[in-house]
>>> print(open('run-v4.cif').read())   # mmCIF, C-alpha atoms and all ligand atoms
data_my_file
loop_
_atom_site.label_atom_id
_atom_site.label_comp_id
_atom_site.auth_asym_id
_atom_site.auth_seq_id
_atom_site.Cartn_x
_atom_site.Cartn_y
_atom_site.Cartn_z
CA MET A 1 -6.58 -37.85 77.24
CA LEU A 2 -3.50 -39.25 78.93
CA LYS A 3 -0.81 -36.68 79.72
CA LEU A 4 2.69 -37.37 80.96
CA LYS A 5 4.58 -34.28 82.11
CA GLN A 6 8.26 -34.35 82.95
CA LEU A 7 7.93 -37.97 83.97
CA TYR A 8 11.13 -39.06 85.67
CA LYS A 9 12.07 -42.46 87.06
CA ARG A 10 15.27 -43.34 88.83
CA TYR A 11 15.41 -46.86 90.25
CA ALA A 12 17.03 -47.56 93.61
CA THR A 13 20.01 -48.90 91.66
CA GLY A 14 20.60 -45.38 90.31
CA ASP A 15 19.42 -46.31 86.78
CA GLU A 16 17.65 -43.35 85.19
CA ALA A 17 15.04 -45.22 83.16
CA LEU A 18 12.96 -42.16 82.15
CA LYS A 19 14.39 -38.67 81.81
CA LYS A 20 11.63 -36.06 82.05
CA VAL A 21 9.34 -37.50 79.42
CA ASP A 22 6.46 -35.43 78.03
CA LEU A 23 3.77 -37.33 76.11
CA ASP A 24 0.10 -36.74 75.29
CA VAL A 25 -2.13 -39.57 74.12
CA PRO A 26 -5.59 -38.40 72.97
CA ASN A 27 -8.61 -40.58 73.68
CA GLY A 28 -8.94 -43.39 71.17
CA GLN A 29 -5.40 -43.12 69.83
CA VAL A 30 -3.24 -46.22 69.38
CA LEU A 31 0.43 -45.44 69.77
CA ALA A 32 3.38 -47.79 69.32
CA LEU A 33 6.29 -47.14 71.67
CA ILE A 34 9.45 -48.49 70.10
CA GLY A 35 13.04 -48.62 71.24
CA PRO A 36 15.75 -51.12 72.10
CA SER A 37 15.81 -53.25 75.20
CA GLY A 38 16.53 -51.05 78.21
CA ALA A 39 15.15 -47.87 76.59
CA GLY A 40 12.51 -47.49 79.32
CA LYS A 41 9.38 -48.73 77.52
CA SER A 42 8.20 -51.03 80.30
CA THR A 43 9.04 -48.46 82.93
CA LEU A 44 6.96 -45.86 81.09
CA ILE A 45 3.78 -47.93 80.90
CA ARG A 46 4.24 -49.34 84.40
CA CYS A 47 4.50 -45.82 85.82
CA ILE A 48 1.09 -45.08 84.31
CA ASN A 49 -0.68 -47.78 86.32
CA ARG A 50 1.89 -47.44 89.10
CA LEU A 51 3.23 -50.93 89.07
CA VAL A 52 6.36 -48.77 89.12
CA GLU A 53 6.33 -45.58 91.24
CA PRO A 54 7.50 -42.52 89.28
CA THR A 55 10.26 -40.55 90.99
CA SER A 56 8.79 -37.21 89.88
CA GLY A 57 6.56 -35.63 87.28
CA SER A 58 2.88 -35.83 86.56
CA ILE A 59 0.55 -38.34 84.90
CA THR A 60 -3.07 -37.36 84.30
CA LEU A 61 -5.84 -39.42 82.78
CA ASP A 62 -8.81 -37.30 81.73
CA GLY A 63 -7.54 -34.57 84.04
CA LYS A 64 -7.10 -36.77 87.10
CA GLU A 65 -3.63 -36.89 88.61
CA LEU A 66 -2.53 -40.50 89.02
CA THR A 67 0.79 -40.09 90.79
CA THR A 68 -0.72 -38.95 94.09
CA LEU A 69 -3.72 -41.30 94.36
CA SER A 70 -4.52 -43.07 97.61
CA PRO A 71 -4.62 -46.89 97.48
CA GLY A 72 -8.42 -46.77 97.03
CA GLY A 73 -8.18 -44.09 94.36
CA LEU A 74 -5.49 -46.08 92.58
CA ARG A 75 -7.66 -49.20 92.60
CA ARG A 76 -10.50 -47.21 91.02
CA ALA A 77 -8.20 -45.57 88.47
CA ARG A 78 -6.75 -48.95 87.47
CA ARG A 79 -10.20 -50.06 86.39
CA HIS A 80 -9.83 -47.62 83.52
CA MET A 81 -6.53 -49.14 82.45
CA GLY A 82 -6.23 -52.62 81.01
CA MET A 83 -2.82 -54.25 80.81
CA ILE A 84 -1.56 -56.90 78.41
CA PHE A 85 1.78 -58.58 79.09
CA GLN A 86 4.47 -60.26 77.04
CA GLU A 87 4.39 -63.35 79.23
CA TYR A 88 0.57 -63.30 79.36
CA ALA A 89 0.52 -63.50 83.20
CA LEU A 90 -2.26 -66.09 83.19
CA VAL A 91 -2.97 -68.28 86.17
CA GLU A 92 -1.88 -71.63 84.73
CA ARG A 93 -4.16 -73.96 86.61
CA LEU A 94 -7.30 -71.91 86.06
CA THR A 95 -9.51 -72.18 83.00
CA VAL A 96 -9.63 -69.70 80.16
CA MET A 97 -12.97 -68.42 81.45
CA GLU A 98 -11.66 -68.00 84.98
CA ASN A 99 -8.62 -66.12 83.72
CA VAL A 100 -10.81 -63.76 81.70
CA LEU A 101 -13.11 -63.16 84.66
CA SER A 102 -10.14 -62.38 86.89
CA GLY A 103 -10.04 -59.09 84.96
CA ARG A 104 -13.23 -58.17 86.83
CA LEU A 105 -11.64 -58.48 90.27
CA GLY A 106 -11.10 -54.73 90.40
CA TYR A 107 -14.89 -54.33 90.24
CA VAL A 108 -16.52 -57.11 92.23
CA GLY A 109 -16.82 -56.38 95.92
CA PHE A 110 -14.54 -57.71 98.60
CA TRP A 111 -16.75 -60.63 99.59
CA SER A 112 -17.47 -61.73 96.05
CA SER A 113 -13.84 -61.60 95.12
CA TRP A 114 -13.02 -63.44 98.33
CA PHE A 115 -15.31 -66.22 97.23
CA ARG A 116 -14.23 -65.82 93.60
CA ARG A 117 -17.80 -65.41 92.43
CA PHE A 118 -18.84 -63.35 89.49
CA PRO A 119 -22.16 -61.82 88.45
CA ARG A 120 -24.02 -63.31 85.49
CA ASP A 121 -23.50 -60.21 83.36
CA ASP A 122 -19.74 -60.54 83.76
CA VAL A 123 -19.91 -64.16 82.67
CA ARG A 124 -22.00 -63.21 79.64
CA GLU A 125 -19.53 -60.49 78.72
CA ALA A 126 -16.65 -62.94 79.15
CA PHE A 127 -18.29 -65.31 76.64
CA ARG A 128 -18.83 -62.43 74.21
CA LEU A 129 -15.18 -61.46 74.47
CA LEU A 130 -13.97 -65.04 74.11
CA ASP A 131 -16.06 -65.28 70.98
CA ARG A 132 -14.56 -62.04 69.66
CA VAL A 133 -10.98 -63.18 70.24
CA GLY A 134 -11.73 -66.57 68.68
CA LEU A 135 -11.60 -68.73 71.80
CA MET A 136 -15.24 -69.51 72.49
CA HIS A 137 -14.59 -73.23 72.13
CA MET A 138 -11.79 -73.07 74.70
CA ALA A 139 -13.58 -71.50 77.68
CA ASP A 140 -13.14 -74.62 79.83
CA LYS A 141 -9.57 -75.42 78.87
CA ARG A 142 -6.87 -74.83 81.42
CA ALA A 143 -4.53 -71.95 80.62
CA ASP A 144 -1.52 -74.28 80.58
CA GLU A 145 -3.04 -76.25 77.67
CA LEU A 146 -3.00 -73.27 75.29
CA SER A 147 -0.56 -72.15 72.62
CA GLY A 148 1.21 -68.80 72.94
CA GLY A 149 -1.18 -67.04 70.57
CA GLN A 150 -4.20 -68.45 72.39
CA ARG A 151 -2.74 -67.37 75.72
CA GLN A 152 -2.32 -63.85 74.47
CA ARG A 153 -5.95 -63.87 73.25
CA VAL A 154 -6.95 -64.72 76.81
CA GLY A 155 -4.76 -61.87 78.04
CA ILE A 156 -6.53 -59.51 75.64
CA ALA A 157 -10.00 -60.64 76.73
CA ARG A 158 -9.00 -60.30 80.39
CA ALA A 159 -7.84 -56.73 79.81
CA LEU A 160 -11.00 -55.81 77.89
CA ILE A 161 -13.48 -57.22 80.37
CA GLN A 162 -12.43 -54.39 82.67
CA ASN A 163 -13.99 -52.09 80.10
CA PRO A 164 -10.94 -49.83 80.22
CA ASP A 165 -10.43 -46.43 78.55
CA LEU A 166 -6.75 -47.07 78.07
CA LEU A 167 -4.81 -50.22 77.19
CA LEU A 168 -1.21 -50.58 78.33
CA VAL A 169 0.41 -53.29 76.27
CA ASP A 170 3.95 -54.49 76.98
CA GLU A 171 5.63 -56.41 74.15
CA PRO A 172 2.51 -58.46 73.37
CA THR A 173 4.22 -60.47 70.64
CA ALA A 174 7.71 -60.94 72.03
CA SER A 175 7.10 -64.64 72.76
CA LEU A 176 5.23 -65.39 69.53
CA ASP A 177 6.21 -66.51 66.02
CA PRO A 178 6.04 -63.85 63.26
CA LYS A 179 2.68 -64.86 61.82
CA THR A 180 0.98 -65.14 65.21
CA SER A 181 2.57 -61.80 66.15
CA ARG A 182 0.84 -60.09 63.27
CA GLN A 183 -2.49 -61.70 64.10
CA ILE A 184 -2.23 -60.58 67.71
CA MET A 185 -1.21 -57.03 66.82
CA ARG A 186 -4.06 -56.85 64.31
CA LEU A 187 -6.54 -58.11 66.89
CA ILE A 188 -5.42 -55.59 69.50
CA CYS A 189 -5.59 -52.69 67.03
CA GLU A 190 -9.00 -53.75 65.68
CA LEU A 191 -10.42 -54.03 69.19
CA CYS A 192 -9.09 -50.58 70.09
CA GLU A 193 -10.78 -49.15 67.03
CA GLU A 194 -14.08 -50.96 67.68
CA ARG A 195 -14.14 -49.72 71.26
CA GLY A 196 -12.60 -46.28 70.78
CA LEU A 197 -9.82 -47.33 73.14
CA ALA A 198 -6.52 -45.52 73.49
CA ALA A 199 -3.48 -47.75 73.72
CA ILE A 200 0.24 -47.59 74.27
CA ILE A 201 1.78 -50.67 72.73
CA ASN A 202 5.42 -51.31 73.63
CA ILE A 203 7.04 -53.17 70.83
CA HIS A 204 10.67 -53.49 69.86
CA ASP A 205 9.77 -54.86 66.39
CA VAL A 206 9.81 -51.79 64.14
CA MET A 207 8.01 -53.44 61.22
CA LEU A 208 5.10 -54.57 63.35
CA ALA A 209 4.82 -51.09 64.80
CA GLN A 210 4.84 -49.56 61.33
CA MET A 211 2.21 -51.97 60.04
CA PHE A 212 -0.34 -51.30 62.73
CA ALA A 213 0.13 -47.93 64.42
CA LYS A 214 -0.48 -44.49 62.93
CA ARG A 215 1.68 -42.85 65.57
CA ILE A 216 5.08 -44.07 66.60
CA VAL A 217 7.09 -42.82 69.55
CA GLY A 218 10.74 -43.81 69.70
CA LEU A 219 12.43 -44.05 73.07
CA ARG A 220 16.16 -44.21 73.59
CA LEU A 221 17.88 -44.21 76.98
CA GLY A 222 14.77 -42.82 78.66
CA GLU A 223 14.20 -39.99 76.19
CA ILE A 224 11.76 -39.54 73.31
CA VAL A 225 13.79 -39.18 70.14
CA TYR A 226 10.98 -39.63 67.59
CA ASP A 227 7.26 -38.88 67.60
CA GLY A 228 5.43 -39.08 64.30
CA PRO A 229 3.84 -41.20 61.62
CA PRO A 230 5.33 -44.56 60.59
CA ASN A 231 6.37 -43.41 57.12
CA ASN A 232 8.76 -40.79 58.50
CA LEU A 233 10.77 -43.47 60.29
CA THR A 234 13.74 -43.20 57.99
CA PRO A 235 16.88 -45.31 58.31
CA ASP A 236 18.51 -42.27 59.95
CA VAL A 237 15.81 -42.01 62.59
CA LEU A 238 15.99 -45.75 63.22
CA THR A 239 19.74 -45.51 63.61
CA GLU A 240 19.23 -42.78 66.17
CA ILE A 241 16.80 -44.98 68.11
CA TYR A 242 18.43 -48.37 67.79
CA GLY A 243 21.95 -47.74 66.59
CA GLU A 244 23.71 -48.85 63.39
CA GLU A 245 21.85 -51.55 61.42
CA ASP A 246 20.69 -52.16 57.88
CA TRP A 247 17.27 -50.54 57.95
CA GLU A 248 16.35 -51.02 54.32
CA ALA A 249 14.46 -54.23 55.02
CA THR A 250 11.06 -54.65 53.41
CA ILE A 251 7.75 -55.24 55.07
CA GLU A 252 5.94 -58.46 54.30
CA VAL A 253 2.22 -58.55 54.83
CA ALA A 254 0.80 -61.72 56.29
CA GLU A 255 -2.47 -63.14 55.10
CA ASP A 256 -5.37 -63.30 57.50
CA ASP A 257 -6.48 -66.56 59.07
CA GLU A 258 -9.02 -68.31 61.22
CA ALA A 259 -12.56 -67.16 61.92
CA PRO A 260 -13.57 -67.11 65.57
CA GLY A 261 -15.43 -70.14 66.92
CA SER A 262 -19.08 -69.77 67.86
CA ASP A 263 -20.16 -72.30 70.42
CA GLU A 264 -23.20 -71.38 72.46
CA SER A 265 -22.25 -72.19 76.03
CA GLU A 266 -24.18 -72.39 79.25
CA ASP A 267 -23.74 -69.43 81.47
CA GLY A 268 -24.09 -68.97 85.17
CA GLU A 269 -22.05 -68.03 88.16
CA ILE A 270 -18.41 -68.92 88.00
CA HIS A 271 -16.44 -70.00 91.04
CA ILE A 272 -12.71 -69.71 91.03
CA HIS A 273 -11.57 -71.97 93.81
CA LYS A 274 -7.87 -71.54 93.63
CA GLY A 275 -5.43 -69.04 92.31
CA GLU A 276 -4.59 -65.47 92.84
CA SER A 277 -6.04 -62.11 91.98
CA PHE A 278 -5.20 -60.33 88.75
CA GLU A 279 -3.41 -57.60 90.67
CA GLU A 280 -1.19 -60.18 92.38
CA THR A 281 -0.48 -61.72 89.00
CA ALA A 282 0.17 -58.35 87.44
CA ALA A 283 2.50 -57.22 90.19
CA ARG A 284 4.47 -60.43 89.83
CA ALA A 285 4.64 -60.41 86.05
CA GLY A 286 8.15 -59.92 84.75
CA ASP A 287 9.40 -57.35 82.28
N1 LIG B 301 13.26 -52.98 88.77
C1 LIG B 301 14.34 -52.34 88.27
N2 LIG B 301 15.36 -51.98 89.08
C2 LIG B 301 16.43 -51.32 88.60
N3 LIG B 301 16.58 -50.96 87.31
C3 LIG B 301 15.60 -51.29 86.47
C4 LIG B 301 14.43 -51.99 86.89
N4 LIG B 301 13.62 -52.18 85.83
C5 LIG B 301 14.25 -51.62 84.79
N5 LIG B 301 15.44 -51.09 85.16
C6 LIG B 301 16.40 -50.37 84.30
O1 LIG B 301 15.73 -49.28 83.70
C7 LIG B 301 16.09 -49.15 82.33
C8 LIG B 301 14.83 -49.28 81.47
O2 LIG B 301 14.32 -50.60 81.57
P1 LIG B 301 12.93 -51.02 80.94
O3 LIG B 301 11.90 -50.02 81.31
O4 LIG B 301 12.69 -52.43 81.33
O5 LIG B 301 13.25 -50.91 79.38
P2 LIG B 301 12.56 -51.65 78.15
O6 LIG B 301 11.20 -52.10 78.56
O7 LIG B 301 12.56 -50.62 77.06
O8 LIG B 301 13.45 -52.81 77.81
C9 LIG B 301 17.13 -50.23 82.08
O9 LIG B 301 18.40 -49.64 82.25
C10 LIG B 301 16.88 -51.24 83.15
O10 LIG B 301 18.05 -51.93 83.49
MG MG B 302 10.35 -53.98 78.49
#
>>> encode(input="run-v4.cif", output="structure tokens")
Amino acid sequence: MLKLKQLYKRYATGDEALKKVDLDVPNGQVLALIGPSGAGKSTLIRCINRLVEPTSGSITLDGKELTTLSPGGLRRARRHMGMIFQEYALVERLTVMENVLSGRLGYVGFWSSWFRRFPRDDVREAFRLLDRVGLMHMADKRADELSGGQRQRVGIARALIQNPDLLLVDEPTASLDPKTSRQIMRLICELCEERGLAAIINIHDVMLAQMFAKRIVGLRLGEIVYDGPPNNLTPDVLTEIYGEEDWEATIEVAEDDEAPGSDESEDGEIHIHKGESFEETAARAGD
């Protein structure tokens, strides 16, 4: 269980991004956090893994307070939290496989990570995940050769190879076309279900949120103004969250597509010669 209590964030600029937010997310629950740009969605999930330092309040994951952890404790706690970004945050010149394995850097020891070497089991797991997200045939491609949807699949595999208990997902479809957006949201939600993973998925697209999440939390100016099932999101509630709009739009359901590839590939130890650690990438990744 993830518990936020009176979570408050004021940036150095004086912006109050979160105003004493209370939120409980039970284990295994997938929650969509909606709200307009600037509502505080990114701030909220970044406070949880402390890419952003909360100003006050408490965040506990399975009873453990996260806001007061030492650097070592924070590193260990972050292993339990996978993050997926809007802009993917891949290392462009590394391969798909290397990007996925970079999700293990929180686990492998200092010397191994220094030499960018990974245990065989990690490599095997990376192949399994690539297969699951439909990218087995692309393991050796460089990240900069992929389409947006493929890049996000790599981002998903990289988050899952950490074997997290909680996924923090920030606008995973904001750079994707509508059909790919649905496929990516479906994949994330299916994987959460398969693995009993809890997730907070920030998403400004109301229809996508309604299609895939059983619980929706609406954020406006740093405050929760809605918490409930998707079918209670009436035009009035949406107006409260987003402001005046025509909310009577209908939901179209996209058909499913491609089956995952299934190449059997050689495995072995992977060496990443260049590039940066996932944490460096994550810290740098924009909103
Ligand atoms: N690094 C920052 N420094 C100062 N203000 C920030 C920073 N990041 C976000 N904000 C402000 O905090 C508020 C919430 O932003 P954000 O969490 O990015 O919202 P969302 O993800 O919902 O678009 C906005 O007013 C934004 O301008
Ligand atoms: Mg954001």
>>> residues_near_ligand(input="run-v4.cif", ligand="ligand MG 302 (chain B)", cutoff="9 Å", atoms="all atoms listed in the file", output="ChimeraX atom specification")
/A:36-43,86,170-171,202-204,286-287
>>> closest_atom_pairs(input="run-v4.cif", of="stretch 46-91 of chain A", to="stretch 7-15 of chain A", cutoff="7 Å", atoms="all atoms listed in the file", output="Markdown table")
| residue | atom | partner | partner_atom | distance |
| --- | --- | --- | --- | --- |
| A:Pro54 | CA | A:Lys9 | CA | 5.1 |
| A:Thr55 | CA | A:Lys9 | CA | 4.7 |
| A:Ser56 | CA | A:Tyr8 | CA | 5.2 |
| A:Gly57 | CA | A:Leu7 | CA | 4.3 |
| A:Ser58 | CA | A:Leu7 | CA | 6.1 |
>>> axis_aligned_box(input="run-v4.cif", around="stretch 58-71 of chain A", padding_each_side="5 Å", output="lines of an AutoDock Vina configuration file")
center_x = -3.0
center_y = -40.7
center_z = 89.7
size_x = 21.7
size_y = 22.3
size_z = 25.9
>>> atom_distance(input="run-v4.cif", atom1="atom CA of A:Glu223", atom2="atom CA of A:Leu18")
6.5 Å
>>> closest_residue(input="run-v4.cif", among="A:Ala213, A:Leu31, A:Ala17, A:Leu168", to="ligand LIG 301 (chain B)", atoms="all atoms listed in the file")
A:Ala17
>>> closest_residue(input="run-v4.cif", among="A:Val154, A:Gly196, A:Gly222, A:Pro230", to="ligand LIG 301 (chain B)", atoms="only C-alpha atoms and all ligand atoms")
A:Gly222
>>> closest_residue(input="run-v4.cif", among="A:Glu65, A:Asp205, A:Glu190, A:Asp22", to="ligand LIG 301 (chain B)", atoms="only C-alpha atoms and all ligand atoms")
A:Asp205
>>> residues_around(input="run-v4.cif", residues="A:Asp227", least_positions_apart="5", cutoff="10 Å", atoms="only C-alpha atoms", output="count of residues only")
11
>>> residues_around(input="run-v4.cif", residues="A:Gln162", least_positions_apart="3", cutoff="6 Å", atoms="all atoms listed in the file", output="ChimeraX atom specification")
/A:103-104,159
>>> atom_distance(input="run-v4.cif", atom1="atom CA of A:Tyr242", atom2="atom O5 of ligand LIG 301 (chain B)")
12.9 Å
>>> atom_distance(input="run-v4.cif", atom1="atom CA of A:Leu166", atom2="atom CA of A:Ser147")
26.4 Å
>>> closest_residue(input="run-v4.cif", among="A:Arg50, A:Arg93, A:Arg128, A:Lys20", to="A:Arg158", atoms="only C-alpha atoms")
A:Arg128
>>> closest_residue(input="run-v4.cif", among="A:Asp24, A:Asp140, A:Glu53, A:Glu240", to="ligand LIG 301 (chain B)", atoms="all atoms listed in the file")
A:Glu53
>>> residues_around(input="run-v4.cif", residues="A:Arg79", least_positions_apart="3", cutoff="10 Å", atoms="all atoms listed in the file", output="VMD selection string")
chain A and resid 49 74 to 76 82 103 to 107 159 161 to 166
>>> decode(input="run-v4.cif", residues="stretch 148-172 of chain A", atoms="N, CA and C atoms", output="PDB file, in the first residue's frame")
ATOM      1  N   GLY A 148       8.049   5.852 -31.997  1.00  0.00           N
ATOM      2  CA  GLY A 148       7.623   6.268 -30.658  1.00  0.00           C
ATOM      3  C   GLY A 148       7.024   5.133 -29.840  1.00  0.00           C
ATOM      4  N   GLY A 149       6.132   4.364 -30.472  1.00  0.00           N
ATOM      5  CA  GLY A 149       5.493   3.254 -29.750  1.00  0.00           C
ATOM      6  C   GLY A 149       6.510   2.211 -29.328  1.00  0.00           C
ATOM      7  N   GLN A 150       7.463   1.934 -30.210  1.00  0.00           N
ATOM      8  CA  GLN A 150       8.507   0.948 -29.871  1.00  0.00           C
ATOM      9  C   GLN A 150       9.382   1.478 -28.745  1.00  0.00           C
ATOM     10  N   ARG A 151       9.663   2.769 -28.777  1.00  0.00           N
ATOM     11  CA  ARG A 151      10.485   3.358 -27.705  1.00  0.00           C
ATOM     12  C   ARG A 151       9.781   3.221 -26.366  1.00  0.00           C
ATOM     13  N   GLN A 152       8.462   3.462 -26.384  1.00  0.00           N
ATOM     14  CA  GLN A 152       7.762   3.353 -25.113  1.00  0.00           C
ATOM     15  C   GLN A 152       7.721   1.895 -24.641  1.00  0.00           C
ATOM     16  N   ARG A 153       7.677   0.939 -25.566  1.00  0.00           N
ATOM     17  CA  ARG A 153       7.741  -0.474 -25.165  1.00  0.00           C
ATOM     18  C   ARG A 153       9.074  -0.785 -24.482  1.00  0.00           C
ATOM     19  N   VAL A 154      10.133  -0.170 -24.988  1.00  0.00           N
ATOM     20  CA  VAL A 154      11.435  -0.334 -24.324  1.00  0.00           C
ATOM     21  C   VAL A 154      11.377   0.276 -22.920  1.00  0.00           C
ATOM     22  N   GLY A 155      10.764   1.455 -22.832  1.00  0.00           N
ATOM     23  CA  GLY A 155      10.632   2.111 -21.525  1.00  0.00           C
ATOM     24  C   GLY A 155       9.867   1.241 -20.533  1.00  0.00           C
ATOM     25  N   ILE A 156       8.856   0.561 -21.030  1.00  0.00           N
ATOM     26  CA  ILE A 156       8.044  -0.321 -20.173  1.00  0.00           C
ATOM     27  C   ILE A 156       8.893  -1.519 -19.715  1.00  0.00           C
ATOM     28  N   ALA A 157       9.606  -2.134 -20.657  1.00  0.00           N
ATOM     29  CA  ALA A 157      10.444  -3.285 -20.292  1.00  0.00           C
ATOM     30  C   ALA A 157      11.534  -2.869 -19.303  1.00  0.00           C
ATOM     31  N   ARG A 158      12.091  -1.682 -19.504  1.00  0.00           N
ATOM     32  CA  ARG A 158      13.146  -1.207 -18.594  1.00  0.00           C
ATOM     33  C   ARG A 158      12.592  -0.998 -17.185  1.00  0.00           C
ATOM     34  N   ALA A 159      11.374  -0.490 -17.094  1.00  0.00           N
ATOM     35  CA  ALA A 159      10.776  -0.303 -15.763  1.00  0.00           C
ATOM     36  C   ALA A 159      10.479  -1.654 -15.110  1.00  0.00           C
ATOM     37  N   LEU A 160      10.035  -2.622 -15.914  1.00  0.00           N
ATOM     38  CA  LEU A 160       9.610  -3.902 -15.328  1.00  0.00           C
ATOM     39  C   LEU A 160      10.772  -4.799 -14.936  1.00  0.00           C
ATOM     40  N   ILE A 161      11.918  -4.617 -15.583  1.00  0.00           N
ATOM     41  CA  ILE A 161      13.045  -5.498 -15.251  1.00  0.00           C
ATOM     42  C   ILE A 161      13.557  -5.220 -13.838  1.00  0.00           C
ATOM     43  N   GLN A 162      13.175  -4.086 -13.294  1.00  0.00           N
ATOM     44  CA  GLN A 162      13.482  -3.810 -11.884  1.00  0.00           C
ATOM     45  C   GLN A 162      12.670  -4.695 -10.961  1.00  0.00           C
ATOM     46  N   ASN A 163      11.639  -5.334 -11.498  1.00  0.00           N
ATOM     47  CA  ASN A 163      10.711  -6.091 -10.682  1.00  0.00           C
ATOM     48  C   ASN A 163      10.094  -5.228  -9.577  1.00  0.00           C
ATOM     49  N   PRO A 164       9.495  -4.115  -9.980  1.00  0.00           N
ATOM     50  CA  PRO A 164       8.978  -3.167  -8.985  1.00  0.00           C
ATOM     51  C   PRO A 164       7.653  -3.632  -8.377  1.00  0.00           C
ATOM     52  N   ASP A 165       7.260  -2.990  -7.264  1.00  0.00           N
ATOM     53  CA  ASP A 165       5.931  -3.217  -6.688  1.00  0.00           C
ATOM     54  C   ASP A 165       4.970  -2.132  -7.149  1.00  0.00           C
ATOM     55  N   LEU A 166       5.563  -1.030  -7.590  1.00  0.00           N
ATOM     56  CA  LEU A 166       4.769   0.144  -7.939  1.00  0.00           C
ATOM     57  C   LEU A 166       5.323   0.744  -9.217  1.00  0.00           C
ATOM     58  N   LEU A 167       4.434   1.063 -10.158  1.00  0.00           N
ATOM     59  CA  LEU A 167       4.855   1.740 -11.388  1.00  0.00           C
ATOM     60  C   LEU A 167       4.402   3.192 -11.326  1.00  0.00           C
ATOM     61  N   LEU A 168       5.312   4.093 -11.621  1.00  0.00           N
ATOM     62  CA  LEU A 168       4.979   5.514 -11.703  1.00  0.00           C
ATOM     63  C   LEU A 168       5.093   5.898 -13.175  1.00  0.00           C
ATOM     64  N   VAL A 169       3.987   6.281 -13.753  1.00  0.00           N
ATOM     65  CA  VAL A 169       3.943   6.439 -15.206  1.00  0.00           C
ATOM     66  C   VAL A 169       3.510   7.861 -15.535  1.00  0.00           C
ATOM     67  N   ASP A 170       4.366   8.616 -16.197  1.00  0.00           N
ATOM     68  CA  ASP A 170       4.087  10.035 -16.442  1.00  0.00           C
ATOM     69  C   ASP A 170       3.756  10.283 -17.906  1.00  0.00           C
ATOM     70  N   GLU A 171       2.499  10.467 -18.214  1.00  0.00           N
ATOM     71  CA  GLU A 171       2.032  10.775 -19.568  1.00  0.00           C
ATOM     72  C   GLU A 171       2.671   9.848 -20.603  1.00  0.00           C
ATOM     73  N   PRO A 172       2.418   8.540 -20.489  1.00  0.00           N
ATOM     74  CA  PRO A 172       3.128   7.580 -21.341  1.00  0.00           C
ATOM     75  C   PRO A 172       2.774   7.704 -22.813  1.00  0.00           C
TER      76      PRO A 172
END
